[in-house]
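S.K.: Okay, so here is target29.csv, and as you'll see once you scroll down, it has CSV, C-alpha atoms.
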```csv
chain,number,residue,atom,x,y,z
Y,1,MET,CA,-29.2,-62.5,182.6
Y,2,VAL,CA,-26.8,-63.4,185.4
Y,3,ASP,CA,-27.6,-67.1,184.6
Y,4,LEU,CA,-26.7,-66.6,181.0
Y,5,VAL,CA,-23.4,-65.0,181.9
Y,6,GLY,CA,-22.6,-67.8,184.3
Y,7,ALA,CA,-23.5,-70.3,181.7
Y,8,PHE,CA,-21.2,-68.6,179.2
Y,9,PHE,CA,-18.3,-68.8,181.6
Y,10,VAL,CA,-19.0,-72.4,182.4
Y,11,VAL,CA,-18.9,-73.2,178.6
Y,12,ALA,CA,-16.1,-70.9,177.6
Y,13,LEU,CA,-13.7,-71.2,180.6
Y,14,PRO,CA,-12.2,-74.6,179.5
Y,15,THR,CA,-11.6,-73.2,176.1
Y,16,LEU,CA,-10.0,-70.0,177.4
Y,17,VAL,CA,-7.8,-72.0,179.8
Y,18,GLY,CA,-6.8,-74.3,177.0
Y,19,TRP,CA,-6.0,-71.4,174.7
Y,20,ALA,CA,-3.9,-69.7,177.5
Y,21,ILE,CA,-2.0,-72.9,178.0
Y,22,TYR,CA,-1.4,-73.3,174.3
Y,23,SER,CA,-0.2,-69.7,174.0
Y,24,VAL,CA,2.3,-70.2,176.8
Y,25,GLN,CA,3.6,-73.5,175.4
Y,26,ASN,CA,3.7,-72.0,172.0
Y,27,GLN,CA,5.8,-69.1,173.2
Y,28,HIS,CA,8.0,-71.5,175.0
Y,29,ALA,CA,8.4,-73.7,171.9
Y,30,LEU,CA,9.3,-70.7,169.8
Y,31,SER,CA,11.9,-69.7,172.3
Y,32,GLN,CA,13.4,-73.2,172.4
Y,33,ILE,CA,13.5,-73.3,168.6
Y,34,GLU,CA,15.4,-70.0,168.6
Y,35,ASP,CA,17.9,-71.5,171.1
Y,36,TRP,CA,18.3,-74.6,168.8
Y,37,LYS,CA,19.0,-72.3,165.8
Y,38,ARG,CA,21.8,-70.6,167.7
Y,39,VAL,CA,23.2,-74.0,168.7
Y,40,ALA,CA,23.0,-75.2,165.1
Y,41,SER,CA,24.7,-72.1,163.8
Y,42,VAL,CA,27.6,-72.6,166.3
Y,43,ALA,CA,27.9,-76.3,165.1
Y,44,GLY,CA,28.0,-75.2,161.5
Y,45,LEU,CA,24.8,-77.0,160.4
Y,46,ARG,CA,23.1,-76.1,157.1
Y,47,ASP,CA,19.5,-76.3,155.7
Y,48,VAL,CA,18.0,-75.6,159.1
Y,49,GLU,CA,14.3,-76.0,159.4
Y,50,ALA,CA,12.1,-75.4,162.5
Y,51,VAL,CA,10.0,-78.3,163.9
Y,52,ARG,CA,7.2,-77.3,166.2
Y,53,GLY,CA,6.7,-80.8,167.5
Y,54,GLY,CA,3.5,-82.6,168.5
Y,55,THR,CA,0.4,-81.5,170.3
Y,56,PHE,CA,0.9,-78.1,171.9
Y,57,GLY,CA,4.5,-78.1,170.6
Y,58,THR,CA,5.7,-80.6,173.2
Y,59,ARG,CA,8.9,-81.5,171.3
Y,60,PRO,CA,10.1,-78.4,169.6
Y,61,GLY,CA,13.4,-78.4,167.7
Y,62,LEU,CA,14.7,-78.4,164.2
Y,63,THR,CA,16.2,-80.5,161.4
Y,64,ALA,CA,19.4,-79.7,159.6
Y,65,ARG,CA,22.3,-81.2,157.7
Y,66,ALA,CA,25.9,-81.7,158.3
Y,67,GLY,CA,27.3,-82.8,155.0
Y,68,GLN,CA,25.6,-86.1,154.2
Y,69,LEU,CA,24.3,-86.4,157.7
Y,70,ARG,CA,20.7,-85.5,158.6
Y,71,VAL,CA,20.4,-84.0,162.1
Y,72,GLU,CA,17.4,-83.6,164.3
Y,73,LEU,CA,17.6,-81.5,167.5
Y,74,SER,CA,14.7,-81.5,169.9
Y,75,THR,CA,13.6,-80.8,173.5
Y,76,GLY,CA,11.1,-83.0,175.3
Y,77,GLN,CA,9.7,-83.2,178.8
Y,78,HIS,CA,11.7,-85.4,181.1
Y,79,SER,CA,10.1,-84.6,184.5
Y,80,LYS,CA,8.2,-81.8,186.1
Y,81,THR,CA,11.4,-79.8,186.6
Y,82,SER,CA,13.6,-81.0,183.8
Y,83,SER,CA,13.8,-81.3,180.0
Y,84,MET,CA,15.3,-84.0,177.8
Y,85,TYR,CA,17.7,-82.6,175.1
Y,86,ARG,CA,18.1,-84.9,172.2
Y,87,PHE,CA,20.3,-85.2,169.1
Y,88,ALA,CA,19.3,-87.8,166.5
Y,89,ILE,CA,21.7,-88.2,163.5
Y,90,SER,CA,21.1,-90.4,160.4
Y,91,GLY,CA,22.4,-90.8,156.9
Y,92,PHE,CA,25.4,-93.0,157.5
Y,93,GLY,CA,25.5,-94.6,154.1
Y,94,TYR,CA,24.8,-98.2,155.0
Y,95,PRO,CA,21.7,-100.4,155.8
Y,96,ALA,CA,20.4,-100.0,159.4
Y,97,GLU,CA,21.4,-103.5,160.3
Y,98,ASP,CA,25.0,-103.1,159.3
Y,99,LEU,CA,25.9,-101.3,162.5
Y,100,VAL,CA,24.2,-101.5,165.9
Y,101,LEU,CA,25.9,-100.0,168.9
Y,102,ARG,CA,24.9,-99.6,172.5
Y,103,ARG,CA,26.1,-99.8,176.0
Y,104,GLU,CA,26.7,-103.4,177.4
Y,105,ASP,CA,23.9,-103.8,179.9
Y,106,MET,CA,21.3,-106.4,181.1
Y,107,GLY,CA,19.3,-106.0,177.9
Y,108,SER,CA,22.3,-106.8,175.7
Y,109,ARG,CA,23.3,-109.8,177.9
Y,110,ILE,CA,19.8,-111.2,177.6
Y,111,VAL,CA,20.0,-110.8,173.8
Y,112,LYS,CA,23.3,-112.6,173.7
Y,113,SER,CA,22.0,-115.4,176.0
Y,114,LEU,CA,19.3,-115.9,173.3
Y,115,GLY,CA,22.0,-116.6,170.7
Y,116,ARG,CA,22.4,-113.3,169.1
Y,117,SER,CA,26.1,-112.8,169.8
Y,118,ASP,CA,27.9,-109.5,169.2
Y,119,LEU,CA,31.1,-108.7,167.3
Y,120,HIS,CA,34.5,-108.3,169.1
Y,121,VAL,CA,37.0,-105.8,167.7
Y,122,GLY,CA,40.0,-107.1,169.6
Y,123,ASP,CA,40.1,-104.3,172.2
Y,124,PRO,CA,39.1,-105.7,175.7
Y,125,ALA,CA,38.2,-102.3,177.1
Y,126,PHE,CA,35.9,-101.7,174.1
Y,127,ASP,CA,34.5,-105.2,173.9
Y,128,ASP,CA,33.7,-105.4,177.6
Y,129,GLN,CA,31.7,-102.1,177.6
Y,130,LEU,CA,30.0,-102.1,174.2
Y,131,TYR,CA,27.5,-104.3,172.5
Y,132,VAL,CA,28.2,-104.3,168.7
Y,133,ARG,CA,26.4,-106.1,165.9
Y,134,GLY,CA,26.6,-105.6,162.1
Y,135,ALA,CA,28.7,-106.2,159.0
Y,136,PRO,CA,32.2,-107.3,160.2
Y,137,ALA,CA,34.1,-105.5,157.5
Y,138,LEU,CA,32.3,-102.2,158.2
Y,139,VAL,CA,32.7,-102.6,162.0
Y,140,HIS,CA,36.4,-103.3,161.8
Y,141,ALA,CA,36.9,-100.5,159.3
Y,142,VAL,CA,35.1,-97.9,161.4
Y,143,PHE,CA,36.4,-98.7,164.9
Y,144,ASP,CA,40.1,-97.7,164.7
Y,145,ALA,CA,41.9,-97.0,167.9
Y,146,GLU,CA,40.8,-93.3,168.2
Y,147,THR,CA,37.2,-94.1,167.4
Y,148,ARG,CA,37.2,-96.8,170.0
Y,149,ARG,CA,38.5,-94.4,172.7
Y,150,ASP,CA,35.9,-91.8,171.8
Y,151,THR,CA,33.2,-94.5,171.9
Y,152,ILE,CA,34.2,-95.7,175.3
Y,153,ARG,CA,34.3,-92.1,176.6
Y,154,PHE,CA,30.8,-91.3,175.3
Y,155,PHE,CA,29.2,-94.5,176.6
Y,156,ALA,CA,30.9,-94.4,180.0
Y,157,ASP,CA,29.0,-91.1,180.7
Y,158,GLU,CA,26.1,-92.5,182.7
Y,159,SER,CA,24.5,-89.0,182.9
Y,160,ALA,CA,23.5,-89.4,179.2
Y,161,GLU,CA,22.2,-92.1,177.0
Y,162,MET,CA,23.7,-92.8,173.6
Y,163,TRP,CA,23.0,-95.6,171.0
Y,164,LEU,CA,23.1,-96.4,167.3
Y,165,SER,CA,20.2,-98.5,166.1
Y,166,GLU,CA,17.9,-98.7,163.1
Y,167,GLY,CA,20.3,-96.3,161.2
Y,168,GLU,CA,20.1,-93.5,163.7
Y,169,LEU,CA,22.6,-92.3,166.3
Y,170,CYS,CA,20.8,-90.9,169.3
Y,171,TYR,CA,22.2,-88.9,172.2
Y,172,GLU,CA,19.9,-87.9,175.1
Y,173,CYS,CA,20.6,-86.0,178.3
Y,174,ALA,CA,18.3,-84.4,180.8
Y,175,ASP,CA,18.8,-81.0,182.5
Y,176,HIS,CA,16.7,-78.7,184.6
Y,177,GLN,CA,18.1,-75.6,182.9
Y,178,LEU,CA,16.6,-74.0,179.7
Y,179,MET,CA,19.0,-74.9,176.9
Y,180,PRO,CA,22.1,-75.5,179.1
Y,181,ARG,CA,25.5,-74.4,177.8
Y,182,TRP,CA,26.7,-78.1,177.6
Y,183,VAL,CA,24.4,-78.6,174.6
Y,184,GLU,CA,26.4,-76.2,172.5
Y,185,ARG,CA,29.7,-77.9,173.5
Y,186,GLN,CA,28.4,-81.5,173.2
Y,187,LEU,CA,26.8,-81.3,169.8
Y,188,PRO,CA,30.0,-80.8,167.7
Y,189,LEU,CA,31.6,-83.8,169.6
Y,190,VAL,CA,28.6,-86.0,168.8
Y,191,LEU,CA,28.7,-84.9,165.2
Y,192,ASP,CA,32.4,-85.7,164.9
Y,193,PHE,CA,31.7,-89.2,166.3
Y,194,ALA,CA,28.8,-89.6,163.8
Y,195,ARG,CA,31.2,-88.8,161.0
Y,196,ARG,CA,33.6,-91.4,162.3
Y,197,VAL,CA,30.9,-94.1,162.1
Y,198,THR,CA,29.8,-93.1,158.6
Y,199,ARG,CA,30.6,-95.6,155.9
Y,200,PRO,CA,34.1,-95.2,154.6
Y,201,ALA,CA,34.5,-94.6,150.9
Y,202,ASP,CA,37.0,-97.4,150.7
Y,203,ILE,CA,36.3,-100.1,153.3
Y,204,PRO,CA,39.2,-102.5,152.2
Y,205,GLY,CA,41.6,-99.5,152.2
Y,206,ARG,CA,40.5,-98.4,155.6
Y,207,LEU,CA,40.8,-102.0,157.0
Y,208,ALA,CA,44.3,-102.2,155.5
Y,209,ALA,CA,45.3,-98.9,157.1
Y,210,ASN,CA,43.9,-100.0,160.5
Y,211,VAL,CA,46.0,-103.3,160.3
Y,212,ARG,CA,49.1,-101.2,159.9
Y,213,ARG,CA,48.3,-98.5,162.4
Y,214,ASP,CA,46.3,-99.9,165.3
Y,215,THR,CA,48.0,-99.9,168.6
Y,216,LEU,CA,46.7,-103.2,169.9
Y,217,PRO,CA,48.0,-106.5,168.4
Y,218,THR,CA,44.7,-108.2,169.1
Y,219,ALA,CA,42.8,-105.5,167.2
Y,220,ARG,CA,45.3,-105.7,164.3
Y,221,LEU,CA,44.8,-109.4,164.1
Y,222,ALA,CA,41.0,-109.1,164.1
Y,223,LYS,CA,41.1,-106.5,161.3
Y,224,LEU,CA,43.5,-108.5,159.3
Y,225,ALA,CA,41.2,-111.5,159.6
Y,226,ALA,CA,38.2,-109.4,158.5
Y,227,LEU,CA,40.2,-108.1,155.5
Y,228,VAL,CA,41.3,-111.6,154.4
Y,229,ARG,CA,37.8,-113.1,154.9
Y,230,GLU,CA,35.9,-110.3,153.1
Y,231,PHE,CA,38.3,-109.2,150.4
Y,232,PRO,CA,40.7,-112.2,149.8
Y,233,ASP,CA,41.5,-111.4,146.2
Y,234,LEU,CA,42.2,-107.7,146.3
Y,235,PRO,CA,45.8,-106.4,145.8
Y,236,VAL,CA,45.6,-104.3,149.0
Y,237,THR,CA,44.9,-107.5,150.9
Y,238,ARG,CA,48.0,-109.2,149.7
Y,239,ASP,CA,50.1,-106.1,150.2
Y,240,THR,CA,48.8,-105.9,153.8
Y,241,LEU,CA,49.6,-109.5,154.4
Y,242,ARG,CA,53.2,-109.0,153.2
Y,243,ALA,CA,53.6,-106.0,155.5
Y,244,ALA,CA,52.1,-108.0,158.4
Y,245,LEU,CA,55.0,-110.6,158.1
Y,246,ASP,CA,57.1,-108.0,160.0
Y,247,ASP,CA,54.4,-107.1,162.6
Y,248,SER,CA,55.6,-106.8,166.2
Y,249,SER,CA,53.0,-109.4,167.2
Y,250,ALA,CA,53.8,-113.1,166.6
Y,251,GLU,CA,50.1,-113.9,166.3
Y,252,VAL,CA,49.8,-111.3,163.4
Y,253,ARG,CA,52.9,-112.6,161.7
Y,254,LEU,CA,51.6,-116.2,161.9
Y,255,ARG,CA,48.2,-115.3,160.4
Y,256,ALA,CA,49.9,-113.4,157.6
Y,257,ALA,CA,52.3,-116.2,156.9
Y,258,VAL,CA,49.6,-118.8,156.8
Y,259,GLU,CA,47.5,-116.8,154.4
Y,260,LEU,CA,50.4,-116.2,152.1
Y,261,LYS,CA,51.1,-119.9,151.8
Y,262,ASN,CA,54.4,-120.5,149.9
Y,263,GLU,CA,55.3,-116.9,150.2
Y,264,GLY,CA,55.0,-117.1,154.0
Y,265,GLU,CA,57.0,-120.3,154.6
Y,266,ALA,CA,60.2,-118.6,155.6
Y,267,ARG,CA,58.3,-116.6,158.3
Y,268,LEU,CA,56.5,-119.8,159.4
Y,269,LEU,CA,59.9,-121.5,159.9
Y,270,ASP,CA,61.1,-118.5,161.9
Y,271,LEU,CA,58.1,-118.8,164.2
Y,272,ALA,CA,58.4,-122.6,164.4
Y,273,GLN,CA,62.0,-122.2,165.6
Y,274,ASP,CA,61.2,-119.5,168.1
Y,275,ASP,CA,61.2,-121.5,171.4
Y,276,ALA,CA,61.0,-118.3,173.4
Y,277,GLY,CA,57.7,-117.2,171.9
Y,278,PRO,CA,54.2,-118.3,172.8
Y,279,VAL,CA,53.8,-122.1,172.7
Y,280,GLU,CA,50.5,-121.8,170.8
Y,281,VAL,CA,52.1,-119.7,168.0
Y,282,GLN,CA,55.1,-122.0,167.7
Y,283,SER,CA,53.0,-125.2,167.6
Y,284,ARG,CA,50.6,-123.6,165.0
Y,285,ALA,CA,53.5,-122.6,162.9
Y,286,VAL,CA,54.8,-126.2,162.9
Y,287,ARG,CA,51.4,-127.5,162.0
Y,288,ALA,CA,51.0,-124.9,159.2
Y,289,LEU,CA,54.4,-126.1,157.7
Y,290,GLY,CA,53.3,-129.7,157.9
Y,291,ASP,CA,55.4,-131.9,155.6
Y,292,GLN,CA,57.3,-128.8,154.4
Y,293,LEU,CA,59.1,-128.7,157.8
Y,294,PRO,CA,62.8,-129.4,157.0
Y,295,LEU,CA,64.1,-132.5,158.7
Y,296,GLU,CA,67.2,-130.9,160.3
Y,297,GLU,CA,65.3,-127.9,161.7
Y,298,GLY,CA,62.4,-130.1,162.7
Y,299,GLU,CA,64.7,-132.4,164.7
Y,300,GLU,CA,66.2,-129.3,166.5
Y,301,ILE,CA,62.7,-128.0,167.3
Y,302,LEU,CA,61.7,-131.5,168.6
Y,303,SER,CA,64.7,-131.9,170.8
Y,304,GLU,CA,64.2,-128.5,172.4
Y,305,ALA,CA,60.5,-129.0,172.8
Y,306,LEU,CA,61.1,-132.4,174.6
Y,307,ARG,CA,63.7,-130.8,176.8
Y,308,SER,CA,61.6,-127.8,177.8
Y,309,ARG,CA,58.3,-129.8,177.9
Y,310,ARG,CA,56.6,-127.7,175.2
Y,311,VAL,CA,54.3,-130.6,174.6
Y,312,PRO,CA,52.1,-129.0,171.9
Y,313,VAL,CA,55.2,-128.1,169.9
Y,314,ALA,CA,56.6,-131.6,170.2
Y,315,GLN,CA,53.3,-133.1,169.2
Y,316,ALA,CA,53.1,-130.8,166.2
Y,317,VAL,CA,56.6,-131.9,165.0
Y,318,LEU,CA,55.8,-135.5,165.4
Y,319,ARG,CA,52.6,-135.2,163.4
Y,320,ALA,CA,54.5,-133.2,160.7
Y,321,PHE,CA,57.2,-135.9,160.5
Y,322,GLY,CA,54.5,-138.6,160.2
Y,323,ARG,CA,53.0,-136.8,157.2
Y,324,LYS,CA,56.5,-136.1,155.8
Y,325,GLY,CA,57.6,-139.8,155.9
Y,326,GLY,CA,60.9,-141.1,154.6
Y,327,PRO,CA,63.7,-143.0,156.4
Y,328,GLY,CA,65.2,-139.8,157.9
Y,329,VAL,CA,62.3,-139.2,160.2
Y,330,VAL,CA,62.2,-142.6,161.9
Y,331,SER,CA,65.0,-141.9,164.4
Y,332,SER,CA,63.2,-138.7,165.5
Y,333,LEU,CA,59.9,-140.5,165.8
Y,334,THR,CA,61.5,-143.3,167.7
Y,335,LYS,CA,63.1,-140.7,170.1
Y,336,GLY,CA,59.7,-139.3,170.7
Y,337,LEU,CA,58.3,-142.7,171.4
Y,338,THR,CA,61.1,-143.7,173.9
Y,339,VAL,CA,61.7,-140.3,175.5
Y,340,GLY,CA,58.1,-139.0,175.6
Y,341,ARG,CA,55.5,-140.1,178.1
Y,342,GLY,CA,51.7,-140.3,177.8
Y,343,GLU,CA,50.3,-138.2,175.0
Y,344,LEU,CA,53.7,-137.6,173.5
Y,345,ALA,CA,54.4,-141.3,173.2
Y,346,VAL,CA,51.0,-141.8,171.7
Y,347,ALA,CA,51.6,-139.0,169.1
Y,348,ALA,CA,55.0,-140.6,168.2
Y,349,ALA,CA,53.3,-144.0,167.7
Y,350,HIS,CA,50.6,-142.5,165.5
Y,351,ALA,CA,53.3,-140.6,163.5
Y,352,LEU,CA,55.3,-143.8,163.0
Y,353,ARG,CA,52.3,-145.6,161.7
Y,354,ALA,CA,51.4,-142.7,159.4
Y,355,CYS,CA,54.9,-142.4,157.9
Y,356,GLY,CA,54.7,-146.1,156.8
Y,357,GLU,CA,58.5,-146.8,157.4
Y,358,ALA,CA,59.5,-150.2,158.7
```
Rewrite the coordinates I just gave you, this time as structure tokens.
M.R.:
Amino acid sequence: MVDLVGAFFVVALPTLVGWAIYSVQNQHALSQIEDWKRVASVAGLRDVEAVRGGTFGTRPGLTARAGQLRVELSTGQHSKTSSMYRFAISGFGYPAEDLVLRREDMGSRIVKSLGRSDLHVGDPAFDDQLYVRGAPALVHAVFDAETRRDTIRFFADESAEMWLSEGELCYECADHQLMPRWVERQLPLVLDFARRVTRPADIPGRLAANVRRDTLPTARLAKLAALVREFPDLPVTRDTLRAALDDSSAEVRLRAAVELKNEGEARLLDLAQDDAGPVEVQSRAVRALGDQLPLEEGEEILSEALRSRRVPVAQAVLRAFGRKGGPGVVSSLTKGLTVGRGELAVAAAHALRACGEA
């Protein structure tokens, strides 16, 4: 009889222990789900449904909705003494490959070294810290100045991990406490960020607004380039280009004037005559004018460029005069040939040949 009792315990003990462990974990999972429900209620989530997780409820949490966004909140084991709290948000309204975002690290540098380059939005602080791939129009529409600041702040926090990949924005942070108070504070911030990277209803309109409002000239230029490249024929694009003719940045004014062609010639001439501005902008403005560069203004630009040694500007004028031709340009080209040295003299000689005058 004793042997039978002993045998029973030998057979039944593992089952009893397993059941006890399951009961404890199940109660723990139910408690965590209730905590997540409270967090979801504070964040204003709707259509909340509990998720028990995998075997023995090892990843309990819930699913819910925030407008068009689908939200998954869960708890997993991080170490013997800590749990991993995770937000996963999807439903951004565009294909998964249209936006990939993660912290710039060794992995992203390896990816770039293999030829898969990322997109730059024209903000050095953002471009240095974040690896971004996707559809250029969407990227430039989404990442306005405020969204870039929020992104930098989120990704600079090394106590947490955040990334957007395969159509899902994930935020993970470990803590030894049971449902720490920061979860309740952080979830609304991550949700707000998720709404910012959702597909805008009007991408061209958002791009145009960003061109007008962005605080960084380099970012405005990048967004203007994306607008022109992706939506060249829309009225909003032409209106934005016209407004950009008066931008505070010479680079932006130049790009707008070039794109507007005849309508932008007056601004191109202003930039070509601006010998106090960037040399590259002035020389590109002259090149853009080409044979439309007026002779008198061109001679003045050339004289000042020769005097101040703005070599690229002088070369651009010489090339423009070579294309322009006519007896009036010969004296200017001869001056470039006799006064200039080295590459300037060569440019003047080529221009003289190109103009075909005796």
S.K.: Kindly provide, as a PyMOL selection string, the polymer residues lying within 7 Å of (36.1, -112.8, 167.0), counting all atoms listed in the file and using the coordinates exactly as they appear in the file.
M.R.: chain Y and resi 119-120+222
S.K.: Atom CA of Y:Glu161 to atom CA of Y:Gln186: how many Å, to one decimal?
M.R.: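 So the answer is 12.9 Å.
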S.K.: Distance table requested - stretch 130-238 of chain Y against stretch 30-44 of chain Y, cut-off 12 Å, only C-alpha atoms: one row per qualifying residue with the closest atom pair and its distance in Å to one decimal, ordered by chain and rising residue number, as CSV.
M.R.:
```
residue,atom,partner,partner_atom,distance
Y:Gln177,CA,Y:Gln32,CA,11.8
Y:Leu178,CA,Y:Gln32,CA,8.0
Y:Met179,CA,Y:Asp35,CA,6.8
Y:Pro180,CA,Y:Asp35,CA,9.9
Y:Arg181,CA,Y:Val39,CA,9.4
Y:Trp182,CA,Y:Val39,CA,10.4
Y:Val183,CA,Y:Val39,CA,7.6
Y:Glu184,CA,Y:Val39,CA,5.4
Y:Arg185,CA,Y:Ala43,CA,8.7
Y:Gln186,CA,Y:Ala43,CA,9.6
Y:Leu187,CA,Y:Ala43,CA,6.9
Y:Pro188,CA,Y:Ala43,CA,5.6
Y:Leu189,CA,Y:Ala43,CA,9.5
Y:Val190,CA,Y:Ala43,CA,10.4
Y:Leu191,CA,Y:Ala43,CA,8.6
Y:Asp192,CA,Y:Ala43,CA,10.4
```
S.K.: So, counting all atoms listed in the file, which residue among Y:Pro95, Y:Ser159, Y:Thr198, Y:Arg103 is closest to Y:Gln68?
M.R.: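 Closest to Y:Gln68 of all the choices is Y:Thr198.
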S.K.: Here is a test: counting all atoms listed in the file, which residue of Y:Glu251, Y:Glu300, Y:Glu72, Y:Asp275 is nearest to Y:Leu169?
M.R.: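 Closest candidate: Y:Glu72.
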S.K.: Which is closer to Y:Ala305 than all the others in Y:Val132, Y:Pro60, Y:Ala50, Y:Leu318, using only C-alpha atoms?
M.R.: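 Counting only C-alpha atoms, the residue closest to Y:Ala305 is Y:Leu318.
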S.K.: How many Å lie between atom CA of Y:Val211 and atom CA of Y:Ala244, rounded to one decimal?
M.R.: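 Those two atoms sit 7.9 Å apart.
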S.K.: Using all atoms listed in the file for the distances, tell me which of Y:Thr215, Y:Ser79, Y:Gln292, Y:Ser308 is nearest to Y:Ala320.
M.R.: Y:Gln292
S.K.: Just checking: using all atoms listed in the file, which residue out of Y:Leu164, Y:Ala225, Y:Ala316, Y:Ala64 ends up closest to Y:Val286?
M.R.: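 Smallest distance to Y:Val286 is found for Y:Ala316.
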S.K.: Go ahead and compute the interatomic distance for atom CA of Y:Leu293 and atom CA of Y:Leu221, in Å to one decimal.
M.R.: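 Answer for the atom CA of Y:Leu293 to atom CA of Y:Leu221 separation: 24.8 Å.
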S.K.: List the neighbours of Y:Glu259 out to 12 Å using all atoms listed in the file; skip same-chain residues closer than 2 positions along the sequence, and give me the result as a VMD selection string.
M.R.: chain Y and resid 224 to 225 227 to 229 232 to 233 237 to 242 244 to 245 252 to 257 261 to 265 267 to 268 285 288
S.K.: Using all atoms listed in the file for the distances, tell me which of Y:Ala194, Y:Val142, Y:Ile152, Y:Val48 is nearest to Y:Ala88.
M.R.: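 Among the listed residues, Y:Ala194 lies closest to Y:Ala88.
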S.K.: Within 6 Å of Y:Tyr171, counting all atoms listed in the file, which residues show up once you throw out same-chain ones fewer than 2 positions away? Write them as a list of chain:residue names, please.
M.R.: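 Surrounding residues, per the criterion: Y:Arg86, Y:Phe87, Y:Glu161, Y:Met162.
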S.K.: Fewer than 3 positions away in the same chain doesn't count, so skip those; otherwise give me all residues within 12 Å of Y:His176, counting all atoms listed in the file, as a list in words.
M.R.: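 Near Y:His176, the qualifying residues are Thr75, Gly76, Gln77, His78, Ser79, Lys80, Thr81, Ser82, Ser83, Met84, Tyr85, Cys173, Met179, Pro180 and Arg181 of chain Y.
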S.K.: Could you dump the residues just selected with C-alpha atoms as a PDB file, keeping the file's coordinate frame?
M.R.:
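Output below, filename part_33.pdb:
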```pdb
ATOM      1  CA  THR Y  75      13.600 -80.800 173.500  1.00  0.00           C
ATOM      2  CA  GLY Y  76      11.100 -83.000 175.300  1.00  0.00           C
ATOM      3  CA  GLN Y  77       9.700 -83.200 178.800  1.00  0.00           C
ATOM      4  CA  HIS Y  78      11.700 -85.400 181.100  1.00  0.00           C
ATOM      5  CA  SER Y  79      10.100 -84.600 184.500  1.00  0.00           C
ATOM      6  CA  LYS Y  80       8.200 -81.800 186.100  1.00  0.00           C
ATOM      7  CA  THR Y  81      11.400 -79.800 186.600  1.00  0.00           C
ATOM      8  CA  SER Y  82      13.600 -81.000 183.800  1.00  0.00           C
ATOM      9  CA  SER Y  83      13.800 -81.300 180.000  1.00  0.00           C
ATOM     10  CA  MET Y  84      15.300 -84.000 177.800  1.00  0.00           C
ATOM     11  CA  TYR Y  85      17.700 -82.600 175.100  1.00  0.00           C
ATOM     12  CA  CYS Y 173      20.600 -86.000 178.300  1.00  0.00           C
ATOM     13  CA  MET Y 179      19.000 -74.900 176.900  1.00  0.00           C
ATOM     14  CA  PRO Y 180      22.100 -75.500 179.100  1.00  0.00           C
ATOM     15  CA  ARG Y 181      25.500 -74.400 177.800  1.00  0.00           C
TER      16      ARG Y 181
END
```
S.K.: Can you find the residues with an atom no farther than 8 Å from (19.5, -78.6, 159.6), counting only C-alpha atoms, and report them as a PyMOL selection string?
M.R.: chain Y and resi 40+45-49+62-66+70-72
S.K.: Counting all atoms listed in the file, what is within 12 Å of Y:Arg206, bar same-chain residues fewer than 5 positions away, as a ChimeraX atom specification?
M.R.: /Y:137-144,196,199-201,211-214,223-224,226-227,236-237,240
